[in-house]
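J.: Sending over a structure as structure tokens; questions will come in a sec.
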Amino acid sequence: MENLKITTFQGYLFWENVDKNLQNISLKLSGIREKTDLIILPEMFNTGFTMNAPQLAEAMDGKTVKWMQQTAEKYNCVVTGSLIIADAGKYYNRLIWMKPDGTYQKYDKRHLFTMAKEEETYTAGHDKLIVELKGWNIRPAICYDLRFPVWLRNVDAEYDLLLIVANWPEKRSLHWRTLIPARAIENLSYVIGVNRVGHDGNEVYHSGDSTCIDPNGKVVYYKRDEEDIYTFTINSDEVTKARRYFPFLKDADAFSITN
């Protein structure tokens with residue numbers, strides 16, 4: 001693996017306003033002054049976390065996916081984040097892993113947030129996604145997935161970096177700040193969580209707390225309350241050393257998820 005340069009966008013999201021969000025993100029990204037390998041955006045980065053899928057869902061050839069294609073090409077890097085997608089008569093909270101050449105992979109959120117009745121609007125995914133970038137195996141996930149360690153378990157060291165994109169409220173920020181280091185330590189991987197800031201259309205406040213934690217639980221990056229675009233490097237040697245000194249993934253219980 002090569003060292004990986006990552007840019008995170010902890011953004012204020014304009015409620016259900018696709019054009020304004022894409023314009024704001026484009027403006028903020030224009031300030032990047034160094035080459036990056038990966039740009040990570042929050043959950044539902046173009047609308048905020050809304051159940052208004054019938055009015056806001058896009059097709060896979062819609063405006064936002066095209067914007068992701070153009071942005072990935074412009075910065076010659078992968079761009080990822082989730083948005084509302086309509087597909088075969090169903091709505092999905094879908095993460096897109098967009099490559100500079102316009103090809104992509106996708107992950108549909110598995111754990112739908114019942115406290116917000118997300119399951120009444122969206123269809124849950126069943127397949128995990130592991131993608132490759134510069135020799136890193138990367139496992140993307142979405143918000144509520146963070147609470148379910150069995151789903152995110154690093155079986156046979158299949159990934160080196162776990163990504164969580166989110167709209168995680170400030171009232172449960174202690175959970176976010178506890179679970180992300182736990183996932184890093186138990187899975188011997190980097191974990192990056194990218195959240196939004198500000199109030200949404202339901203007056204729910206989000207404090208951000210976007211972070212990167214290394215395989216030993218150490219903080220590489222952390223930001224609270226403010227909109228922030230930040231580029232940092234994660235070191236492949238940290239993964240190698242952690243797994244050499246603490247080779248406990250080989251002792252993990254074997255299991256399978258059947259639905």
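To be explicit about the labels: the chains of the structure tokens are called A, B, and onward in the order shown, and within each one the residues are counted from 1, while ligands get numbers from 1 in the order they are shown.
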Residues at most 8 Å from Lys134 in chain A, counting only C-alpha atoms, excluding those fewer than 4 positions away in the same chain, as a list in words?

T.: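 Returned residues: Met1, Glu2, Asn3 and Leu4 of chain A.
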
J.: Counting only C-alpha atoms, give me one row per residue of range 27-104 of chain A with an atom at most 9 Å from an atom of range 160-164 of chain A, showing the shortest contact pair and its distance in Å to one decimal, sorted by chain then residue number, as a tab-separated table.

T.:
residue	atom	partner	partner_atom	distance
A:Ile40	CA	A:Leu163	CA	8.6
A:Pro42	CA	A:Ile164	CA	8.4
A:Glu43	CA	A:Ile164	CA	8.6

J.: Show me a table, sorted first by chain and then by increasing residue number, of the residues of range 118-143 of chain A having an atom at most 12 Å from range 169-192 of chain A, each with its shortest atom pair and the distance in Å to one decimal, counting only C-alpha atoms and written as CSV.

T.:
residue,atom,partner,partner_atom,distance
A:Trp136,CA,A:Ser189,CA,10.6
A:Asn137,CA,A:Ser189,CA,10.1
A:Ile138,CA,A:Tyr190,CA,9.5
A:Arg139,CA,A:Val191,CA,9.5
A:Pro140,CA,A:Ile192,CA,9.6
A:Ala141,CA,A:Ile192,CA,10.4
A:Ile142,CA,A:Ile192,CA,11.4
A:Cys143,CA,A:Trp176,CA,9.3

J.: Would you pick out the contacts of Tyr75 in chain A at 8 Å or less, using only C-alpha atoms, so that residues sharing its chain but fewer than 6 positions from it are not included, and give the list as a PDB file with C-alpha atoms, in the first residue's frame?

T.:
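The new file around.pdb reads:
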ATOM      1  CA  LYS A  35      -3.245  16.691  -4.862  1.00  0.00           C
ATOM      2  CA  THR A  36      -5.603  14.359  -3.032  1.00  0.00           C
ATOM      3  CA  PRO A 100     -11.928   9.802 -12.063  1.00  0.00           C
TER       4      PRO A 100
END

J.: Which residues in range 116-161 of chain A does DSSP call strand (DSSP E)? List them as a list in words.

T.: Val131, Glu132, Leu133, Trp136, Asn137, Ile138, Arg139, Pro140, Ala141, Ile142 and Leu161 of chain A

J.: Considering only C-alpha atoms, return as a ChimeraX atom specification whatever protein or nucleic-acid residues lie within 8 Å of range 66-72 of chain A, sequence-local ones (same chain, fewer than 6 positions apart) excluded.

T.: /A:22,78-80,98-102

J.: Go ahead and write the residues just picked, C-alpha atoms, as a CSV table (one decimal), in the first residue's frame.

T.:
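Result written to again_30.csv:
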chain,number,residue,atom,x,y,z
A,22,LEU,CA,-23.5,21.3,-4.9
A,78,VAL,CA,-12.2,9.4,-6.1
A,79,VAL,CA,-15.2,11.2,-4.7
A,80,THR,CA,-17.6,9.5,-2.3
A,98,MET,CA,-17.0,7.6,-8.1
A,99,LYS,CA,-13.7,7.2,-9.9
A,100,PRO,CA,-11.9,9.8,-12.1
A,101,ASP,CA,-12.7,7.8,-15.2
A,102,GLY,CA,-16.5,8.0,-14.5

J.: Could you give me, as a list in words, the residues within 12 Å of Asp156 in chain A, counting only C-alpha atoms and dropping anything in the same chain fewer than 6 positions from it?

T.: Asn187, Leu188, Arg243, Pro247, Phe248, Leu249, Lys250, Asp251, Ala252, Asp253, Ala254 and Phe255 of chain A

J.: Just write the chosen residues, N, CA, C and O atoms, as an mmCIF file, in the first residue's frame.

T.:
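Saved to result.cif:
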data_model
loop_
_atom_site.group_PDB
_atom_site.id
_atom_site.type_symbol
_atom_site.label_atom_id
_atom_site.label_comp_id
_atom_site.auth_asym_id
_atom_site.auth_seq_id
_atom_site.Cartn_x
_atom_site.Cartn_y
_atom_site.Cartn_z
ATOM 1 N N ASN A 187 -10.868 -3.575 14.847
ATOM 2 C CA ASN A 187 -10.662 -4.047 13.479
ATOM 3 C C ASN A 187 -9.249 -3.813 12.959
ATOM 4 O O ASN A 187 -8.955 -4.143 11.807
ATOM 5 N N LEU A 188 -8.380 -3.231 13.783
ATOM 6 C CA LEU A 188 -6.998 -2.956 13.386
ATOM 7 C C LEU A 188 -6.944 -2.250 12.035
ATOM 8 O O LEU A 188 -6.215 -2.644 11.120
ATOM 9 N N ARG A 243 -0.927 -4.620 12.984
ATOM 10 C CA ARG A 243 -1.315 -6.021 12.790
ATOM 11 C C ARG A 243 -0.174 -6.990 13.111
ATOM 12 O O ARG A 243 -0.409 -8.146 13.454
ATOM 13 N N PRO A 247 -1.689 -9.273 16.564
ATOM 14 C CA PRO A 247 -2.287 -10.103 15.504
ATOM 15 C C PRO A 247 -3.553 -10.841 15.962
ATOM 16 O O PRO A 247 -3.720 -12.027 15.717
ATOM 17 N N PHE A 248 -4.464 -10.099 16.588
ATOM 18 C CA PHE A 248 -5.626 -10.789 17.147
ATOM 19 C C PHE A 248 -6.779 -10.963 16.169
ATOM 20 O O PHE A 248 -7.748 -11.652 16.485
ATOM 21 N N LEU A 249 -6.700 -10.383 14.968
ATOM 22 C CA LEU A 249 -7.776 -10.620 14.005
ATOM 23 C C LEU A 249 -7.863 -12.105 13.626
ATOM 24 O O LEU A 249 -8.949 -12.618 13.337
ATOM 25 N N LYS A 250 -6.731 -12.793 13.675
ATOM 26 C CA LYS A 250 -6.721 -14.222 13.313
ATOM 27 C C LYS A 250 -7.455 -15.077 14.337
ATOM 28 O O LYS A 250 -7.832 -16.226 14.038
ATOM 29 N N ASP A 251 -7.700 -14.537 15.531
ATOM 30 C CA ASP A 251 -8.388 -15.279 16.587
ATOM 31 C C ASP A 251 -9.877 -14.947 16.662
ATOM 32 O O ASP A 251 -10.581 -15.418 17.558
ATOM 33 N N ALA A 252 -10.362 -14.141 15.714
ATOM 34 C CA ALA A 252 -11.764 -13.722 15.740
ATOM 35 C C ALA A 252 -12.688 -14.902 15.454
ATOM 36 O O ALA A 252 -12.312 -15.863 14.775
ATOM 37 N N ASP A 253 -13.918 -14.813 15.953
ATOM 38 C CA ASP A 253 -14.915 -15.845 15.724
ATOM 39 C C ASP A 253 -15.337 -15.852 14.244
ATOM 40 O O ASP A 253 -15.547 -14.808 13.646
ATOM 41 N N ALA A 254 -15.486 -17.034 13.707
ATOM 42 C CA ALA A 254 -16.005 -17.181 12.350
ATOM 43 C C ALA A 254 -17.526 -17.068 12.395
ATOM 44 O O ALA A 254 -18.180 -17.582 13.290
ATOM 45 N N PHE A 255 -18.100 -16.345 11.443
ATOM 46 C CA PHE A 255 -19.549 -16.193 11.400
ATOM 47 C C PHE A 255 -19.960 -15.793 9.995
ATOM 48 O O PHE A 255 -19.128 -15.415 9.174
#

J.: Let's see if you can do this: from backbone DSSP, list all helix (DSSP H, G or I) residues in range 99-191 of chain A, as number ranges by chain.

T.: A: 114-116, 118-120, 143-147, 149-152, 155-157, 170-187

J.: Calculate how many Å separate CA of Asn167 in chain A from CA of Leu56 in chain A, rounding to one decimal.

T.: 16.9 Å

J.: Leaving out Thr231 in chain A and any residue of its chain fewer than 3 positions from it, which residues lie within 12 Å of it when counting only C-alpha atoms, given as a list in words?

T.: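 Counting only C-alpha atoms, the residues come to Leu4, Lys5, Ile6, Thr7, Thr8, Phe9, Gln10, Leu29, Gly31, Ile32, Arg33, Glu34, Lys35, Thr36, Asp37, Leu38, Ile39, Ile40, Thr211, Cys212, Val220, Tyr221, Tyr222, Asp228 and Ile234 of chain A.
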